[in-house]
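Printed here is start24.cif (mmCIF, C-alpha atoms):
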```cif
data_run
loop_
_atom_site.group_PDB
_atom_site.id
_atom_site.type_symbol
_atom_site.label_atom_id
_atom_site.label_comp_id
_atom_site.auth_asym_id
_atom_site.auth_seq_id
_atom_site.Cartn_x
_atom_site.Cartn_y
_atom_site.Cartn_z
ATOM 1 C CA MET L 889 -12.230 15.283 0.850
ATOM 2 C CA ILE L 890 -15.074 13.933 -1.277
ATOM 3 C CA SER L 891 -14.758 11.077 -3.743
ATOM 4 C CA ASP L 892 -17.819 10.355 -5.874
ATOM 5 C CA LEU L 893 -17.984 6.632 -6.697
ATOM 6 C CA SER L 894 -21.536 6.613 -8.045
ATOM 7 C CA ASN L 895 -20.375 5.669 -11.551
ATOM 8 C CA CYS L 896 -18.160 2.771 -10.431
ATOM 9 C CA ARG L 897 -19.991 -0.315 -11.614
ATOM 10 C CA LYS L 898 -19.604 -3.369 -13.810
ATOM 11 C CA ILE L 899 -21.923 -5.679 -15.704
ATOM 12 C CA TYR L 900 -22.081 -9.207 -14.290
ATOM 13 C CA GLN L 901 -22.720 -11.762 -16.987
ATOM 14 C CA LYS L 902 -20.318 -14.698 -16.725
ATOM 15 C CA ASN L 903 -22.538 -17.361 -15.106
ATOM 16 C CA SER L 904 -25.977 -18.040 -13.672
ATOM 17 C CA LEU L 905 -27.294 -20.061 -10.739
ATOM 18 C CA ILE L 906 -30.611 -21.899 -11.091
ATOM 19 C CA GLU L 907 -32.273 -24.160 -8.523
ATOM 20 C CA THR L 908 -32.595 -27.067 -10.944
ATOM 21 C CA ASP L 909 -28.828 -27.011 -11.476
ATOM 22 C CA ALA L 910 -27.971 -26.737 -7.771
ATOM 23 C CA PRO L 911 -27.105 -29.924 -5.857
ATOM 24 C CA LEU L 912 -29.011 -30.877 -2.718
ATOM 25 C CA ASP L 913 -25.756 -30.709 -0.734
ATOM 26 C CA PRO L 914 -24.291 -27.175 -0.446
ATOM 27 C CA PHE L 915 -20.786 -28.562 0.090
ATOM 28 C CA LYS L 916 -20.873 -29.996 -3.415
ATOM 29 C CA LEU L 917 -21.681 -26.578 -4.846
ATOM 30 C CA PHE L 918 -18.979 -24.971 -2.700
ATOM 31 C CA HIS L 919 -16.432 -27.511 -3.938
ATOM 32 C CA LYS L 920 -17.405 -26.933 -7.558
ATOM 33 C CA TRP L 921 -17.101 -23.160 -7.271
ATOM 34 C CA PHE L 922 -13.913 -23.366 -5.213
ATOM 35 C CA GLN L 923 -12.185 -25.600 -7.769
ATOM 36 C CA GLU L 924 -13.228 -23.344 -10.641
ATOM 37 C CA GLU L 925 -11.809 -20.318 -8.836
ATOM 38 C CA LYS L 926 -8.678 -22.265 -7.905
ATOM 39 C CA ASN L 927 -7.938 -23.056 -11.546
ATOM 40 C CA ILE L 928 -8.075 -19.356 -12.391
ATOM 41 C CA CYS L 929 -6.131 -18.135 -9.358
ATOM 42 C CA ASN L 930 -3.316 -20.649 -9.783
ATOM 43 C CA LYS L 931 -2.539 -19.136 -13.171
ATOM 44 C CA ALA L 932 -2.537 -15.607 -11.716
ATOM 45 C CA ASN L 933 -0.766 -16.569 -8.458
ATOM 46 C CA GLU L 934 -3.712 -15.351 -6.373
ATOM 47 C CA GLU L 935 -4.984 -16.672 -3.041
ATOM 48 C CA HIS L 936 -8.282 -18.320 -3.880
ATOM 49 C CA ASN L 937 -8.569 -19.530 -0.264
ATOM 50 C CA ALA L 938 -8.629 -16.023 1.242
ATOM 51 C CA MET L 939 -11.833 -15.480 3.188
ATOM 52 C CA SER L 940 -13.213 -12.861 5.527
ATOM 53 C CA ILE L 941 -14.336 -13.969 8.971
ATOM 54 C CA SER L 942 -16.584 -11.886 11.193
ATOM 55 C CA THR L 943 -16.929 -12.392 14.931
ATOM 56 C CA ILE L 944 -18.516 -10.359 17.719
ATOM 57 C CA GLY L 945 -15.841 -8.338 19.518
ATOM 58 C CA GLU L 946 -15.565 -7.757 23.253
ATOM 59 C CA ASP L 947 -17.293 -4.388 22.737
ATOM 60 C CA GLY L 948 -20.307 -6.087 21.116
ATOM 61 C CA VAL L 949 -19.424 -4.797 17.633
ATOM 62 C CA PRO L 950 -18.769 -7.145 14.660
ATOM 63 C CA GLU L 951 -15.099 -7.422 13.686
ATOM 64 C CA THR L 952 -14.050 -8.645 10.230
ATOM 65 C CA ARG L 953 -10.629 -9.666 8.941
ATOM 66 C CA ILE L 954 -9.115 -11.804 6.190
ATOM 67 C CA VAL L 955 -7.757 -15.261 6.999
ATOM 68 C CA LEU L 956 -6.808 -18.243 4.859
ATOM 69 C CA LEU L 957 -8.995 -21.320 4.559
ATOM 70 C CA LYS L 958 -6.745 -24.322 5.150
ATOM 71 C CA MET L 959 -9.147 -27.251 4.751
ATOM 72 C CA TYR L 960 -12.804 -27.940 4.114
ATOM 73 C CA SER L 961 -15.048 -30.986 4.096
ATOM 74 C CA GLU L 962 -18.651 -31.866 4.873
ATOM 75 C CA GLU L 963 -17.702 -31.237 8.516
ATOM 76 C CA GLY L 964 -16.886 -27.566 7.974
ATOM 77 C CA PHE L 965 -14.245 -24.957 7.183
ATOM 78 C CA ILE L 966 -10.884 -24.853 8.978
ATOM 79 C CA PHE L 967 -8.526 -21.964 9.696
ATOM 80 C CA TYR L 968 -5.727 -21.330 12.206
ATOM 81 C CA THR L 969 -4.876 -18.437 14.487
ATOM 82 C CA ASN L 970 -3.687 -17.436 17.947
ATOM 83 C CA TYR L 971 -6.279 -18.280 20.588
ATOM 84 C CA ARG L 972 -5.486 -15.007 22.386
ATOM 85 C CA SER L 973 -5.965 -12.849 19.296
ATOM 86 C CA PHE L 974 -9.029 -10.631 18.967
ATOM 87 C CA LYS L 975 -10.790 -13.295 16.920
ATOM 88 C CA GLY L 976 -9.760 -16.046 19.334
ATOM 89 C CA ARG L 977 -11.134 -14.150 22.340
ATOM 90 C CA SER L 978 -14.296 -13.302 20.397
ATOM 91 C CA ILE L 979 -14.866 -16.961 19.559
ATOM 92 C CA GLN L 980 -14.258 -17.928 23.184
ATOM 93 C CA ASN L 981 -16.998 -15.522 24.292
ATOM 94 C CA LYS L 982 -19.431 -16.212 21.434
ATOM 95 C CA PRO L 983 -18.549 -19.337 19.386
ATOM 96 C CA LYS L 984 -20.252 -18.313 16.157
ATOM 97 C CA ALA L 985 -18.857 -16.717 13.008
ATOM 98 C CA CYS L 986 -19.715 -15.590 9.511
ATOM 99 C CA ILE L 987 -17.187 -16.323 6.789
ATOM 100 C CA SER L 988 -17.381 -15.114 3.209
ATOM 101 C CA PHE L 989 -15.574 -15.514 -0.075
ATOM 102 C CA TYR L 990 -15.674 -12.984 -2.892
ATOM 103 C CA TRP L 991 -14.303 -14.145 -6.229
ATOM 104 C CA PRO L 992 -14.400 -11.389 -8.879
ATOM 105 C CA ASN L 993 -12.891 -13.725 -11.476
ATOM 106 C CA THR L 994 -16.110 -15.733 -11.565
ATOM 107 C CA GLU L 995 -18.388 -12.962 -10.214
ATOM 108 C CA ARG L 996 -19.356 -15.038 -7.198
ATOM 109 C CA GLN L 997 -19.757 -14.645 -3.462
ATOM 110 C CA ILE L 998 -20.411 -17.209 -0.731
ATOM 111 C CA ILE L 999 -21.579 -16.275 2.774
ATOM 112 C CA ILE L 1000 -21.455 -18.942 5.480
ATOM 113 C CA LYS L 1001 -22.803 -18.736 9.025
ATOM 114 C CA GLY L 1002 -21.825 -21.376 11.524
ATOM 115 C CA ASP L 1003 -20.862 -22.548 14.977
ATOM 116 C CA VAL L 1004 -17.135 -22.497 15.760
ATOM 117 C CA MET L 1005 -15.175 -25.189 17.584
ATOM 118 C CA LYS L 1006 -11.498 -25.662 18.396
ATOM 119 C CA LEU L 1007 -9.704 -28.458 16.614
ATOM 120 C CA SER L 1008 -8.045 -31.169 18.667
ATOM 121 C CA LYS L 1009 -4.439 -30.706 19.805
ATOM 122 C CA ASN L 1010 -3.351 -33.457 17.418
ATOM 123 C CA GLN L 1011 -4.990 -31.737 14.440
ATOM 124 C CA SER L 1012 -3.363 -28.409 15.311
ATOM 125 C CA ASP L 1013 0.014 -30.101 15.828
ATOM 126 C CA GLU L 1014 -0.217 -31.849 12.471
ATOM 127 C CA TYR L 1015 -0.817 -28.610 10.582
ATOM 128 C CA PHE L 1016 1.707 -26.594 12.618
ATOM 129 C CA PHE L 1017 4.585 -28.913 11.707
ATOM 130 C CA ARG L 1018 3.634 -28.863 8.032
ATOM 131 C CA ARG L 1019 4.222 -25.112 7.942
ATOM 132 C CA PRO L 1020 7.580 -23.645 6.869
ATOM 133 C CA ILE L 1021 9.966 -23.354 9.818
ATOM 134 C CA GLU L 1022 9.982 -19.570 9.392
ATOM 135 C CA ASN L 1023 6.222 -19.477 9.933
ATOM 136 C CA GLN L 1024 6.525 -21.731 12.972
ATOM 137 C CA VAL L 1025 9.017 -19.321 14.520
ATOM 138 C CA GLY L 1026 6.716 -16.429 13.667
ATOM 139 C CA CYS L 1027 4.011 -17.942 15.884
ATOM 140 C CA TRP L 1028 6.378 -17.653 18.836
ATOM 141 C CA ALA L 1029 7.634 -14.178 17.935
ATOM 142 C CA SER L 1030 4.199 -12.559 17.638
ATOM 143 C CA LYS L 1031 1.818 -12.248 20.569
ATOM 144 C CA GLN L 1032 -1.018 -11.566 18.197
ATOM 145 C CA SER L 1033 -3.255 -8.514 18.786
ATOM 146 C CA THR L 1034 -1.106 -7.153 21.641
ATOM 147 C CA VAL L 1035 0.284 -3.614 21.524
ATOM 148 C CA ILE L 1036 4.010 -3.423 20.657
ATOM 149 C CA PRO L 1037 6.288 -0.354 20.628
ATOM 150 C CA SER L 1038 7.578 -0.717 17.069
ATOM 151 C CA LYS L 1039 8.126 -3.027 14.110
ATOM 152 C CA GLN L 1040 11.750 -3.290 15.216
ATOM 153 C CA HIS L 1041 10.536 -4.870 18.444
ATOM 154 C CA LEU L 1042 8.772 -7.593 16.451
ATOM 155 C CA LEU L 1043 11.853 -8.253 14.301
ATOM 156 C CA ILE L 1044 14.025 -8.545 17.405
ATOM 157 C CA GLN L 1045 11.599 -11.070 18.870
ATOM 158 C CA TYR L 1046 11.757 -13.075 15.658
ATOM 159 C CA GLN L 1047 15.567 -13.076 15.709
ATOM 160 C CA LYS L 1048 15.565 -14.131 19.361
ATOM 161 C CA TRP L 1049 13.258 -17.077 18.780
ATOM 162 C CA SER L 1050 15.085 -18.083 15.595
ATOM 163 C CA PHE L 1051 18.325 -18.296 17.569
ATOM 164 C CA PHE L 1052 16.597 -20.193 20.385
ATOM 165 C CA PHE L 1053 15.184 -22.845 18.044
ATOM 166 C CA LYS L 1054 18.532 -23.452 16.416
ATOM 167 C CA LYS L 1055 19.481 -25.133 19.693
ATOM 168 C CA ASN L 1056 16.077 -26.370 20.850
ATOM 169 C CA ILE L 1057 13.277 -28.458 19.380
ATOM 170 C CA ILE L 1058 10.404 -26.267 18.251
ATOM 171 C CA LYS L 1059 6.925 -26.988 19.549
ATOM 172 C CA ARG L 1060 3.500 -25.600 18.752
ATOM 173 C CA PRO L 1061 2.672 -22.696 21.076
ATOM 174 C CA PHE L 1062 -0.077 -23.705 23.499
ATOM 175 C CA ASP L 1063 -2.084 -20.620 22.504
ATOM 176 C CA TRP L 1064 -2.023 -21.265 18.751
ATOM 177 C CA GLY L 1065 -4.163 -23.703 16.794
ATOM 178 C CA GLY L 1066 -7.117 -24.395 14.569
ATOM 179 C CA TYR L 1067 -10.840 -23.781 14.489
ATOM 180 C CA ILE L 1068 -13.585 -25.327 12.423
ATOM 181 C CA VAL L 1069 -16.680 -23.401 11.337
ATOM 182 C CA LYS L 1070 -19.593 -25.843 11.162
ATOM 183 C CA PRO L 1071 -22.194 -24.187 8.917
ATOM 184 C CA TYR L 1072 -25.933 -24.008 9.377
ATOM 185 C CA LYS L 1073 -26.550 -21.487 6.577
ATOM 186 C CA MET L 1074 -24.747 -21.072 3.245
ATOM 187 C CA GLU L 1075 -25.661 -18.435 0.660
ATOM 188 C CA PHE L 1076 -24.377 -18.611 -2.914
ATOM 189 C CA TRP L 1077 -24.431 -15.365 -4.896
ATOM 190 C CA GLN L 1078 -23.894 -15.212 -8.656
ATOM 191 C CA GLY L 1079 -23.686 -11.809 -10.305
ATOM 192 C CA GLN L 1080 -26.243 -11.137 -13.051
ATOM 193 C CA PRO L 1081 -27.000 -8.300 -15.505
ATOM 194 C CA ASN L 1082 -29.217 -5.412 -14.378
ATOM 195 C CA ARG L 1083 -28.453 -6.239 -10.737
ATOM 196 C CA LEU L 1084 -30.887 -9.170 -10.883
ATOM 197 C CA HIS L 1085 -28.367 -11.375 -9.094
ATOM 198 C CA ASP L 1086 -28.935 -15.047 -8.287
ATOM 199 C CA ARG L 1087 -29.023 -15.756 -4.536
ATOM 200 C CA LEU L 1088 -29.586 -19.335 -3.401
ATOM 201 C CA VAL L 1089 -29.577 -20.142 0.310
ATOM 202 C CA TYR L 1090 -29.111 -23.516 1.993
ATOM 203 C CA SER L 1091 -30.454 -23.615 5.560
ATOM 204 C CA LEU L 1092 -29.789 -26.600 7.823
ATOM 205 C CA THR L 1093 -32.582 -28.133 9.889
ATOM 206 C CA LYS L 1094 -30.540 -29.497 12.771
ATOM 207 C CA LYS L 1095 -33.167 -31.953 14.012
ATOM 208 C CA THR L 1096 -33.201 -33.835 10.719
ATOM 209 C CA ASN L 1097 -29.754 -32.746 9.488
ATOM 210 C CA LYS L 1098 -31.380 -31.817 6.170
ATOM 211 C CA TRP L 1099 -30.611 -28.801 4.009
ATOM 212 C CA ASN L 1100 -33.468 -26.644 2.731
ATOM 213 C CA LEU L 1101 -32.921 -24.624 -0.449
ATOM 214 C CA TYR L 1102 -34.622 -21.339 -1.303
ATOM 215 C CA ARG L 1103 -34.031 -18.217 -3.402
ATOM 216 C CA LEU L 1104 -33.704 -14.649 -2.151
ATOM 217 C CA SER L 1105 -34.534 -11.535 -4.094
ATOM 218 C CA PRO L 1106 -31.409 -9.579 -4.952
#
```

Go ahead and express the file in the form of C-alpha cells.
Amino acid sequence: MISDLSNCRKIYQKNSLIETDAPLDPFKLFHKWFQEEKNICNKANEEHNAMSISTIGEDGVPETRIVLLKMYSEEGFIFYTNYRSFKGRSIQNKPKACISFYWPNTERQIIIKGDVMKLSKNQSDEYFFRRPIENQVGCWASKQSTVIPSKQHLLIQYQKWSFFFKKNIIKRPFDWGGYIVKPYKMEFWQGQPNRLHDRLVYSLTKKTNKWNLYRLSP
C-alpha cells in the first residue's frame, strides 16, 4: 500500500516570533503561549496540556508517548505516572527527557530538554487525592506497561479494587507518583509562510543560572 502525502501542506501565517519581543525568561514566553492556547482549547474542549515526552528505553532506543502536564513553574514541568512503567524505568536508568507541545490552533511548537527528578511523597500524595476516586482506583487496577491477557482482565481488576475500597481507605500506590522536568534548553517554534519558520532557543548556563537566547535557521 502506498499513500502519497507530498501535497499535504498548509500555509503558516498567524503569528511571528522576533527576538526583540521575546522575554529574557523562557518561562514567561511559555506561560504566554500556554494561556493563549488554553483560551482556544477551552472553547473547543481540547486538552491544551497534552505533551509528548521522550525517554531512552531499556533497549537504548528513544520512546515517545503523550502525557498530561499537570503543573508548571520556574522550577519545571510536572507530570504523573507509574514508576514501574516503561517511562518510569527509563527515567530511573537515565534521568533526562525531552517534552514537546504542538499547538496547531496557534501554529506553535515548544521543545524542552531537561533533567528529571521524582517529586516528594507529599507532593504526589497531594495530587493523588485531588483526582477523581475512579482515577485513584484505576492506579491500583493497572500495573502499567505489564502484559495482560485481555481487556476483560483489566476490567475485572478495576471491579475488584473498587469493591475493596468501598470497605477500606484508599491510599496512593507506592509505585505511582510525580516527576518534574527541570529544563536546560527550551525551543520555541512559530510557523511562518514559505517554511521560513521562527525558531528561538533558550539555553541555560548552569554555572551562572542565566538563559542565553539565539535563533536557529528553519

Q.
Residue by residue, what does the PyMOL selection byres ((chain L and resi 915-923) around 10) grab here? Present the result as a VMD selection string.
A. chain L and resid 909 to 914 924 to 929 936 to 937 960 to 964 989 991 994 996 to 998 1071 1074 to 1076 1090

Q. Could you spell out the hits of the PyMOL selection byres ((chain L and resi 1088) around 9) on the shown file, as JSON, numbers by chain?
A. {"L": [905, 906, 907, 910, 1074, 1075, 1076, 1077, 1078, 1086, 1087, 1089, 1090, 1101, 1102, 1103, 1104]}

Q: Please evaluate the PyMOL selection byres ((chain L and resi 945-959) around 10) against the structure above and give the resulting residues as a ChimeraX atom specification.
A: /L:935-944,960-961,964-969,974-979,981-982,985-989,1015,1066,1068

Could you write out that same residue set with C-alpha atoms as a PDB file, in the frame of the given file?
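The result, written out as result30.pdb:
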```pdb
ATOM      1  CA  GLU L 935      -4.984 -16.672  -3.041  1.00  0.00           C
ATOM      2  CA  HIS L 936      -8.282 -18.320  -3.880  1.00  0.00           C
ATOM      3  CA  ASN L 937      -8.569 -19.530  -0.264  1.00  0.00           C
ATOM      4  CA  ALA L 938      -8.629 -16.023   1.242  1.00  0.00           C
ATOM      5  CA  MET L 939     -11.833 -15.480   3.188  1.00  0.00           C
ATOM      6  CA  SER L 940     -13.213 -12.861   5.527  1.00  0.00           C
ATOM      7  CA  ILE L 941     -14.336 -13.969   8.971  1.00  0.00           C
ATOM      8  CA  SER L 942     -16.584 -11.886  11.193  1.00  0.00           C
ATOM      9  CA  THR L 943     -16.929 -12.392  14.931  1.00  0.00           C
ATOM     10  CA  ILE L 944     -18.516 -10.359  17.719  1.00  0.00           C
ATOM     11  CA  TYR L 960     -12.804 -27.940   4.114  1.00  0.00           C
ATOM     12  CA  SER L 961     -15.048 -30.986   4.096  1.00  0.00           C
ATOM     13  CA  GLY L 964     -16.886 -27.566   7.974  1.00  0.00           C
ATOM     14  CA  PHE L 965     -14.245 -24.957   7.183  1.00  0.00           C
ATOM     15  CA  ILE L 966     -10.884 -24.853   8.978  1.00  0.00           C
ATOM     16  CA  PHE L 967      -8.526 -21.964   9.696  1.00  0.00           C
ATOM     17  CA  TYR L 968      -5.727 -21.330  12.206  1.00  0.00           C
ATOM     18  CA  THR L 969      -4.876 -18.437  14.487  1.00  0.00           C
ATOM     19  CA  PHE L 974      -9.029 -10.631  18.967  1.00  0.00           C
ATOM     20  CA  LYS L 975     -10.790 -13.295  16.920  1.00  0.00           C
ATOM     21  CA  GLY L 976      -9.760 -16.046  19.334  1.00  0.00           C
ATOM     22  CA  ARG L 977     -11.134 -14.150  22.340  1.00  0.00           C
ATOM     23  CA  SER L 978     -14.296 -13.302  20.397  1.00  0.00           C
ATOM     24  CA  ILE L 979     -14.866 -16.961  19.559  1.00  0.00           C
ATOM     25  CA  ASN L 981     -16.998 -15.522  24.292  1.00  0.00           C
ATOM     26  CA  LYS L 982     -19.431 -16.212  21.434  1.00  0.00           C
ATOM     27  CA  ALA L 985     -18.857 -16.717  13.008  1.00  0.00           C
ATOM     28  CA  CYS L 986     -19.715 -15.590   9.511  1.00  0.00           C
ATOM     29  CA  ILE L 987     -17.187 -16.323   6.789  1.00  0.00           C
ATOM     30  CA  SER L 988     -17.381 -15.114   3.209  1.00  0.00           C
ATOM     31  CA  PHE L 989     -15.574 -15.514  -0.075  1.00  0.00           C
ATOM     32  CA  TYR L1015      -0.817 -28.610  10.582  1.00  0.00           C
ATOM     33  CA  GLY L1066      -7.117 -24.395  14.569  1.00  0.00           C
ATOM     34  CA  ILE L1068     -13.585 -25.327  12.423  1.00  0.00           C
TER      35      ILE L1068
END
```

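Atom CA of Pro983 of chain L to atom CA of Met1005 of chain L spans 7.0 Å [interatomic distance, one decimal].
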
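Note that atom CA of Ser1091 of chain L and atom CA of Lys1073 of chain L are 4.6 Å apart.
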
As a PDB file, in the frame of the given file, the rebuilt segment 1081-1092 of chain L with all heavy atoms:
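Contents of part.pdb, as written:
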```pdb
ATOM      1  N   PRO L1081     -26.750  -9.624 -14.913  1.00  0.00           N
ATOM      2  CA  PRO L1081     -27.000  -8.300 -15.505  1.00  0.00           C
ATOM      3  C   PRO L1081     -28.159  -7.587 -14.817  1.00  0.00           C
ATOM      4  O   PRO L1081     -29.038  -8.224 -14.222  1.00  0.00           O
ATOM      5  CB  PRO L1081     -27.337  -8.636 -16.973  1.00  0.00           C
ATOM      6  CG  PRO L1081     -26.765  -9.997 -17.207  1.00  0.00           C
ATOM      7  CD  PRO L1081     -26.871 -10.713 -15.895  1.00  0.00           C
ATOM      8  N   ASN L1082     -28.136  -6.261 -14.899  1.00  0.00           N
ATOM      9  CA  ASN L1082     -29.217  -5.412 -14.378  1.00  0.00           C
ATOM     10  C   ASN L1082     -29.421  -5.558 -12.868  1.00  0.00           C
ATOM     11  O   ASN L1082     -30.505  -5.277 -12.354  1.00  0.00           O
ATOM     12  CB  ASN L1082     -30.535  -5.715 -15.106  1.00  0.00           C
ATOM     13  CG  ASN L1082     -30.388  -5.593 -16.613  1.00  0.00           C
ATOM     14  OD1 ASN L1082     -29.747  -4.671 -17.114  1.00  0.00           O
ATOM     15  ND2 ASN L1082     -30.963  -6.543 -17.337  1.00  0.00           N
ATOM     16  N   ARG L1083     -28.400  -6.035 -12.191  1.00  0.00           N
ATOM     17  CA  ARG L1083     -28.453  -6.239 -10.737  1.00  0.00           C
ATOM     18  C   ARG L1083     -29.532  -7.238 -10.314  1.00  0.00           C
ATOM     19  O   ARG L1083     -29.991  -7.234  -9.164  1.00  0.00           O
ATOM     20  CB  ARG L1083     -28.672  -4.906 -10.006  1.00  0.00           C
ATOM     21  CG  ARG L1083     -27.474  -3.953 -10.093  1.00  0.00           C
ATOM     22  CD  ARG L1083     -26.229  -4.630  -9.510  1.00  0.00           C
ATOM     23  NE  ARG L1083     -25.091  -3.723  -9.357  1.00  0.00           N
ATOM     24  CZ  ARG L1083     -24.112  -3.580 -10.241  1.00  0.00           C
ATOM     25  NH1 ARG L1083     -24.167  -4.258 -11.386  1.00  0.00           N
ATOM     26  NH2 ARG L1083     -23.099  -2.778 -10.007  1.00  0.00           N
ATOM     27  N   LEU L1084     -29.921  -8.119 -11.215  1.00  0.00           N
ATOM     28  CA  LEU L1084     -30.887  -9.170 -10.883  1.00  0.00           C
ATOM     29  C   LEU L1084     -30.126 -10.435 -10.503  1.00  0.00           C
ATOM     30  O   LEU L1084     -30.269 -11.506 -11.110  1.00  0.00           O
ATOM     31  CB  LEU L1084     -31.827  -9.430 -12.071  1.00  0.00           C
ATOM     32  CG  LEU L1084     -32.629  -8.213 -12.539  1.00  0.00           C
ATOM     33  CD1 LEU L1084     -33.494  -8.573 -13.737  1.00  0.00           C
ATOM     34  CD2 LEU L1084     -33.492  -7.670 -11.396  1.00  0.00           C
ATOM     35  N   HIS L1085     -29.300 -10.318  -9.469  1.00  0.00           N
ATOM     36  CA  HIS L1085     -28.367 -11.375  -9.094  1.00  0.00           C
ATOM     37  C   HIS L1085     -29.083 -12.630  -8.597  1.00  0.00           C
ATOM     38  O   HIS L1085     -30.181 -12.568  -8.026  1.00  0.00           O
ATOM     39  CB  HIS L1085     -27.418 -10.877  -8.001  1.00  0.00           C
ATOM     40  CG  HIS L1085     -26.772  -9.569  -8.321  1.00  0.00           C
ATOM     41  ND1 HIS L1085     -26.029  -9.361  -9.472  1.00  0.00           N
ATOM     42  CD2 HIS L1085     -26.746  -8.387  -7.647  1.00  0.00           C
ATOM     43  CE1 HIS L1085     -25.572  -8.119  -9.485  1.00  0.00           C
ATOM     44  NE2 HIS L1085     -26.002  -7.507  -8.393  1.00  0.00           N
ATOM     45  N   ASP L1086     -28.444 -13.778  -8.819  1.00  0.00           N
ATOM     46  CA  ASP L1086     -28.935 -15.047  -8.287  1.00  0.00           C
ATOM     47  C   ASP L1086     -28.447 -15.210  -6.854  1.00  0.00           C
ATOM     48  O   ASP L1086     -27.244 -15.096  -6.580  1.00  0.00           O
ATOM     49  CB  ASP L1086     -28.435 -16.220  -9.135  1.00  0.00           C
ATOM     50  CG  ASP L1086     -29.061 -16.250 -10.518  1.00  0.00           C
ATOM     51  OD1 ASP L1086     -30.251 -15.900 -10.635  1.00  0.00           O
ATOM     52  OD2 ASP L1086     -28.361 -16.637 -11.476  1.00  0.00           O
ATOM     53  N   ARG L1087     -29.359 -15.505  -5.939  1.00  0.00           N
ATOM     54  CA  ARG L1087     -29.023 -15.756  -4.536  1.00  0.00           C
ATOM     55  C   ARG L1087     -29.749 -17.007  -4.068  1.00  0.00           C
ATOM     56  O   ARG L1087     -30.971 -16.997  -3.874  1.00  0.00           O
ATOM     57  CB  ARG L1087     -29.415 -14.572  -3.649  1.00  0.00           C
ATOM     58  CG  ARG L1087     -28.667 -13.305  -3.928  1.00  0.00           C
ATOM     59  CD  ARG L1087     -29.185 -12.157  -3.070  1.00  0.00           C
ATOM     60  NE  ARG L1087     -28.947 -12.393  -1.647  1.00  0.00           N
ATOM     61  CZ  ARG L1087     -29.473 -11.650  -0.676  1.00  0.00           C
ATOM     62  NH1 ARG L1087     -30.290 -10.648  -0.979  1.00  0.00           N
ATOM     63  NH2 ARG L1087     -29.187 -11.910   0.592  1.00  0.00           N
ATOM     64  N   LEU L1088     -29.017 -18.091  -3.910  1.00  0.00           N
ATOM     65  CA  LEU L1088     -29.586 -19.335  -3.401  1.00  0.00           C
ATOM     66  C   LEU L1088     -29.042 -19.586  -1.999  1.00  0.00           C
ATOM     67  O   LEU L1088     -27.831 -19.495  -1.766  1.00  0.00           O
ATOM     68  CB  LEU L1088     -29.246 -20.509  -4.314  1.00  0.00           C
ATOM     69  CG  LEU L1088     -29.840 -20.487  -5.730  1.00  0.00           C
ATOM     70  CD1 LEU L1088     -29.578 -21.818  -6.427  1.00  0.00           C
ATOM     71  CD2 LEU L1088     -31.325 -20.164  -5.715  1.00  0.00           C
ATOM     72  N   VAL L1089     -29.943 -19.926  -1.085  1.00  0.00           N
ATOM     73  CA  VAL L1089     -29.577 -20.142   0.310  1.00  0.00           C
ATOM     74  C   VAL L1089     -29.893 -21.573   0.720  1.00  0.00           C
ATOM     75  O   VAL L1089     -30.990 -22.082   0.450  1.00  0.00           O
ATOM     76  CB  VAL L1089     -30.331 -19.169   1.242  1.00  0.00           C
ATOM     77  CG1 VAL L1089     -29.986 -19.457   2.704  1.00  0.00           C
ATOM     78  CG2 VAL L1089     -29.981 -17.728   0.901  1.00  0.00           C
ATOM     79  N   TYR L1090     -28.916 -22.214   1.369  1.00  0.00           N
ATOM     80  CA  TYR L1090     -29.111 -23.516   1.993  1.00  0.00           C
ATOM     81  C   TYR L1090     -29.189 -23.298   3.502  1.00  0.00           C
ATOM     82  O   TYR L1090     -28.275 -22.714   4.102  1.00  0.00           O
ATOM     83  CB  TYR L1090     -27.955 -24.459   1.694  1.00  0.00           C
ATOM     84  CG  TYR L1090     -27.831 -24.912   0.259  1.00  0.00           C
ATOM     85  CD1 TYR L1090     -27.201 -24.112  -0.685  1.00  0.00           C
ATOM     86  CD2 TYR L1090     -28.308 -26.159  -0.146  1.00  0.00           C
ATOM     87  CE1 TYR L1090     -27.059 -24.535  -1.998  1.00  0.00           C
ATOM     88  CE2 TYR L1090     -28.173 -26.592  -1.460  1.00  0.00           C
ATOM     89  CZ  TYR L1090     -27.544 -25.776  -2.381  1.00  0.00           C
ATOM     90  OH  TYR L1090     -27.401 -26.196  -3.687  1.00  0.00           O
ATOM     91  N   SER L1091     -30.271 -23.760   4.126  1.00  0.00           N
ATOM     92  CA  SER L1091     -30.454 -23.615   5.560  1.00  0.00           C
ATOM     93  C   SER L1091     -30.603 -25.008   6.181  1.00  0.00           C
ATOM     94  O   SER L1091     -31.419 -25.816   5.722  1.00  0.00           O
ATOM     95  CB  SER L1091     -31.695 -22.768   5.858  1.00  0.00           C
ATOM     96  OG  SER L1091     -31.870 -22.602   7.244  1.00  0.00           O
ATOM     97  N   LEU L1092     -29.818 -25.272   7.221  1.00  0.00           N
ATOM     98  CA  LEU L1092     -29.789 -26.600   7.823  1.00  0.00           C
ATOM     99  C   LEU L1092     -30.847 -26.725   8.913  1.00  0.00           C
ATOM    100  O   LEU L1092     -30.907 -25.907   9.836  1.00  0.00           O
ATOM    101  CB  LEU L1092     -28.404 -26.873   8.417  1.00  0.00           C
ATOM    102  CG  LEU L1092     -28.200 -28.232   9.086  1.00  0.00           C
ATOM    103  CD1 LEU L1092     -28.297 -29.358   8.053  1.00  0.00           C
ATOM    104  CD2 LEU L1092     -26.862 -28.269   9.811  1.00  0.00           C
TER     105      LEU L1092
END
```
